[in-house]
Amino acid sequence: MPWFRPVAEALVAAAEPRPGERAVDIGVGRGAALFPLAAAVGPAGSVTGFDLSAGMVAATEAEARDRGLAHVRLAVLDASDPSLPPDSFDVAVASLVLFFLPDPVSALRAWRELLVPGGRLAVSTFGQQDPRWERAEEAFRPYLPPHLLDARTSGSSGPFATDAGVESLLLDAGYADVRTTGFSLDVRFRDAGHWFDWTWSHGMRGLWEWVPEGEREGLRDRMVADVGAEPDGSLTMTQEVRLTLGTRPRPGAPAG
C-alpha cells in the first residue's frame with residue numbers, strides 16, 4: 001500500500017536536500033526516505049542510513065548495492081543515541097520514528113549534534129486520524145497493556161497530538177526556525193481482507209498480537225462494520241501527516 005513511501009517522499013522534499021550535501025536517514029527501515037535522499041544529494045553527496053533492526057539494514061544495504069549507490073552507507077545504530085561523529089551532516093530526516101522513542105527530546109538533542117550549525121532536521125509524525133478508523137480502533141483497548149495506551153505513543157493527547165506539541169519537542173531540544181507543514185494521505189483497500197493483511201505488515205501488527213488468535217477475525221469484522229465499507233466492498237482511510245522542521249542554530253544565534 002502507498003503508506004510509508006509517500007510520507008517519506010514528502011518529508012525529504014520538505015527537508016530540501018541539495019546536490020553535494022551530506023544527509024542522514026534516522027530509522028531507515030527499508031529505505032523509503034533513503035533512496036529519495038540519495039537521488040537528491042547525488043553522487044557528489046553522501047547518505048548515511050541507520051536502524052536498530054539488523055534485518056532492515058541488511059535488506060536496504062543490498063538494495064542500495066543493486067541500485068549502484070556507492071554514496072550510500074548503512075549501519076545498525078540506536079536512534080536514541082546514535083554513535084556517529086558530531087557536525088557530520090547538512091540534513092537529517094526521521095520518518096515516523098520519533099514517537100517510538102522513550103525520550104523524544106533527548107533523541108532530538110542527539111540528532112541536533114549530528115548536524116553542522118545551520119543544518120536542517122525534518123521529522124514526520126501522524127496528525128489527525130480518520131475519525132471512523134479512530135473509533136474502530138478503540139476495540140483494541142481491552143486487549144492492550146498499559147504501555148501501549150500511553151498517550152505519548154498513541155497520539156491521542158500529549159505532544160504528538162498537535163503541531164504545537166511536536167514543535168515544542170524540537171524547541172526544548174534546542175532547534176531554531178521550528179515550523180510545521182503537512183498533507184492528507186488517502187488510502188483505499190480492496191476489501192476487509194486486504195486491510196487486515198496490510199495491518200500485519202507494519203506497527204499495527206503489535207496490536208493484533210495482543211489479541212488471542214481465536215478472537216482476531218471477530219474483532220476485524222467488528223472494526224470493519226464500524227468503519228463501513230463502500231458498495232463494492234472497498235474501504236477508505238484518510239490520515240493527516242505532520243512534517244515538522246527545524247535547524248541547528250549557528251554559533252551566537254538563539255534557539256527557538
# chains A, B, ... in the order shown; residues from 1 in each chain; ligands from 1
$ select_by_dssp --residues "range 30-184 of chain A" --states "strand (DSSP E or B)" --output "ChimeraX atom specification"
/A:46-51,72-76,89-95,115-129,176-184
$ residues_around --residues "Asp78 in chain A" --least-positions-apart "2" --cutoff "7 Å" --atoms "only C-alpha atoms" --output "VMD selection string"
chain A and resid 51 to 52 80 to 82
$ atom_distance --atom1 "CA of Glu61 in chain A" --atom2 "CA of Ser106 in chain A"
27.8 Å
$ residues_around --residues "Asp197 in chain A" --least-positions-apart "5" --cutoff "12 Å" --atoms "only C-alpha atoms" --output "compact mmCIF listing (two decimals) with C-alpha atoms, in the first residue's frame"
# COMPACT_ATOMS: atom_id res chain seq x y z
CA MET A 1 0.00 0.00 0.00
CA PHE A 189 -8.25 -1.10 0.37
CA ARG A 190 -9.90 -3.61 -1.95
CA ASP A 191 -11.81 -5.26 0.88
CA ALA A 192 -11.62 -6.19 4.57
CA HIS A 202 3.61 -2.55 9.92
CA MET A 204 -0.32 -2.38 13.97
CA ARG A 205 0.90 -5.97 13.98
CA TRP A 208 -3.05 -7.65 16.81
CA GLU A 217 -11.40 -12.48 12.97
CA ARG A 220 -11.61 -7.48 12.48
$ residues_around --residues "Gly42 in chain A" --least-positions-apart "4" --cutoff "9 Å" --atoms "only C-alpha atoms" --output "PyMOL selection string"
chain A and resi 18-21+37-38+46+71
$ residues_around --residues "Ser83 in chain A" --least-positions-apart "3" --cutoff "12 Å" --atoms "only C-alpha atoms" --output "CSV table (one decimal) with all heavy atoms, in the first residue's frame"
chain,number,residue,atom,x,y,z
A,50,PHE,N,20.5,4.6,9.2
A,50,PHE,CA,20.7,3.6,10.2
A,50,PHE,C,19.4,3.2,10.9
A,50,PHE,O,18.4,4.0,10.8
A,50,PHE,CB,21.7,4.1,11.3
A,50,PHE,CG,21.3,5.3,12.1
A,50,PHE,CD1,20.5,5.2,13.2
A,50,PHE,CD2,21.8,6.6,11.7
A,50,PHE,CE1,20.1,6.3,13.9
A,50,PHE,CE2,21.4,7.7,12.4
A,50,PHE,CZ,20.6,7.6,13.5
A,51,ASP,N,19.4,2.0,11.5
A,51,ASP,CA,18.2,1.5,12.1
A,51,ASP,C,18.6,0.5,13.1
A,51,ASP,O,19.7,-0.1,13.1
A,51,ASP,CB,17.4,0.8,11.0
A,51,ASP,CG,15.9,0.6,11.4
A,51,ASP,OD1,15.6,-0.3,12.3
A,51,ASP,OD2,15.0,1.3,10.8
A,75,ALA,N,24.1,1.4,8.5
A,75,ALA,CA,24.6,0.9,9.8
A,75,ALA,C,23.5,0.6,10.8
A,75,ALA,O,22.4,1.0,10.7
A,75,ALA,CB,25.5,2.1,10.4
A,76,VAL,N,23.8,-0.3,11.7
A,76,VAL,CA,22.9,-0.7,12.8
A,76,VAL,C,23.2,0.2,14.0
A,76,VAL,O,24.3,0.0,14.6
A,76,VAL,CB,23.0,-2.2,13.1
A,76,VAL,CG1,22.1,-2.5,14.3
A,76,VAL,CG2,22.7,-3.1,11.9
A,77,LEU,N,22.3,1.1,14.3
A,77,LEU,CA,22.5,2.0,15.4
A,77,LEU,C,21.2,2.3,16.1
A,77,LEU,O,20.1,2.2,15.4
A,77,LEU,CB,23.1,3.4,14.9
A,77,LEU,CG,24.5,3.3,14.3
A,77,LEU,CD1,24.9,4.7,13.7
A,77,LEU,CD2,25.6,2.9,15.4
A,78,ASP,N,21.2,2.8,17.3
A,78,ASP,CA,20.1,3.2,18.1
A,78,ASP,C,19.7,4.6,17.8
A,78,ASP,O,20.5,5.5,18.0
A,78,ASP,CB,20.3,2.9,19.5
A,78,ASP,CG,19.1,3.1,20.4
A,78,ASP,OD1,18.1,3.7,20.0
A,78,ASP,OD2,19.2,2.7,21.6
A,79,ALA,N,18.5,4.9,17.4
A,79,ALA,CA,18.1,6.3,17.1
A,79,ALA,C,18.1,7.2,18.4
A,79,ALA,O,18.3,8.4,18.3
A,79,ALA,CB,16.7,6.3,16.5
A,80,SER,N,18.0,6.6,19.5
A,80,SER,CA,18.0,7.3,20.8
A,80,SER,C,19.4,7.9,21.1
A,80,SER,O,19.5,8.9,21.7
A,80,SER,CB,17.5,6.5,21.9
A,80,SER,OG,16.2,6.2,21.8
A,86,PRO,N,29.9,14.0,15.6
A,86,PRO,CA,29.1,15.3,15.6
A,86,PRO,C,29.5,16.1,14.4
A,86,PRO,O,30.6,15.9,13.8
A,86,PRO,CB,29.5,15.9,16.9
A,86,PRO,CG,30.8,15.4,17.3
A,86,PRO,CD,30.8,14.0,16.8
A,88,SER,N,28.4,16.2,11.4
A,88,SER,CA,28.8,15.4,10.2
A,88,SER,C,27.8,15.6,9.0
A,88,SER,O,28.1,15.1,7.9
A,88,SER,CB,28.8,13.9,10.6
A,88,SER,OG,29.9,13.7,11.5
A,107,ALA,N,16.5,12.3,22.3
A,107,ALA,CA,16.9,11.8,21.0
A,107,ALA,C,17.1,13.0,20.0
A,107,ALA,O,18.1,13.1,19.3
A,107,ALA,CB,15.9,10.9,20.4
A,110,ALA,N,20.4,14.6,20.5
A,110,ALA,CA,21.5,13.8,19.9
A,110,ALA,C,21.5,14.0,18.4
A,110,ALA,O,22.6,14.1,17.8
A,110,ALA,CB,21.3,12.3,20.3
A,111,TRP,N,20.3,14.1,17.8
A,111,TRP,CA,20.3,14.3,16.3
A,111,TRP,C,20.8,15.7,16.0
A,111,TRP,O,21.5,15.9,15.0
A,111,TRP,CB,18.9,14.2,15.8
A,111,TRP,CG,18.3,12.8,16.1
A,111,TRP,CD1,18.9,11.7,16.6
A,111,TRP,CD2,16.9,12.4,15.9
A,111,TRP,NE1,18.0,10.7,16.7
A,111,TRP,CE2,16.8,11.1,16.3
A,111,TRP,CE3,15.8,13.1,15.4
A,111,TRP,CZ2,15.6,10.4,16.3
A,111,TRP,CZ3,14.6,12.4,15.4
A,111,TRP,CH2,14.5,11.1,15.8
A,113,GLU,N,23.2,17.3,17.4
A,113,GLU,CA,24.6,17.3,17.5
A,113,GLU,C,25.2,16.7,16.2
A,113,GLU,O,26.4,16.9,15.9
A,113,GLU,CB,25.1,16.6,18.7
A,113,GLU,CG,24.7,17.3,20.0
A,113,GLU,CD,25.2,18.7,20.0
A,113,GLU,OE1,26.4,18.9,19.8
A,113,GLU,OE2,24.4,19.6,20.2
A,114,LEU,N,24.5,15.8,15.5
A,114,LEU,CA,25.0,15.3,14.3
A,114,LEU,C,25.0,16.3,13.2
A,114,LEU,O,25.8,16.1,12.2
A,114,LEU,CB,24.1,14.1,13.8
A,114,LEU,CG,23.9,12.9,14.8
A,114,LEU,CD1,23.0,11.9,14.2
A,114,LEU,CD2,25.3,12.3,15.1
$ atom_distance --atom1 "CA of Val72 in chain A" --atom2 "CA of Ala32 in chain A"
13.6 Å
$ atom_distance --atom1 "CA of Phe126 in chain A" --atom2 "CA of Trp3 in chain A"
11.7 Å
$ residues_around --residues "Pro36 in chain A" --least-positions-apart "3" --cutoff "8 Å" --atoms "only C-alpha atoms" --output "ChimeraX atom specification"
/A:9,12,32-33,39-40
$ select_by_dssp --residues "range 23-207 of chain A" --states "helix (DSSP H, G or I)" --output "ChimeraX atom specification"
/A:34-41,54-66,98-100,104-114,131-143,146-149,151-154,159-161,163-172,192-199,205-207
$ closest_atom_pairs --of "range 171-226 of chain A" --to "range 239-243 of chain A" --cutoff "12 Å" --atoms "only C-alpha atoms" --output "tab-separated table"
residue	atom	partner	partner_atom	distance
A:Val178	CA	A:Leu243	CA	10.7
A:Arg179	CA	A:Leu243	CA	8.5
A:Thr180	CA	A:Leu243	CA	5.6
A:Thr181	CA	A:Leu243	CA	5.2
A:Gly182	CA	A:Arg242	CA	4.5
A:Phe183	CA	A:Val241	CA	5.5
A:Ser184	CA	A:Glu240	CA	4.5
A:Leu185	CA	A:Gln239	CA	5.1
A:Asp186	CA	A:Gln239	CA	6.5
A:Val187	CA	A:Gln239	CA	8.2
A:Arg188	CA	A:Gln239	CA	11.5
$ closest_residue --among "A:Glu138, A:Thr60, A:Val41, A:Asp87" --to "Pro117 in chain A" --atoms "only C-alpha atoms"
A:Asp87
$ closest_residue --among "A:Asp226, A:Glu167, A:Glu215, A:Asp66" --to "Gly246 in chain A" --atoms "only C-alpha atoms"
A:Glu167
$ closest_residue --among "A:Gly206, A:Trp195, A:Glu137, A:Phe35" --to "Gly233 in chain A" --atoms "only C-alpha atoms"
A:Trp195
$ closest_residue --among "A:Ala176, A:Leu148, A:Leu169, A:Ile26" --to "Gly118 in chain A" --atoms "only C-alpha atoms"
A:Ala176
$ residues_around --residues "Ser95 in chain A" --least-positions-apart "6" --cutoff "10 Å" --atoms "only C-alpha atoms" --output "NGL selection string"
:A and (4-5 or 7-12 or 25-29 or 32-33 or 122-125 or 243)
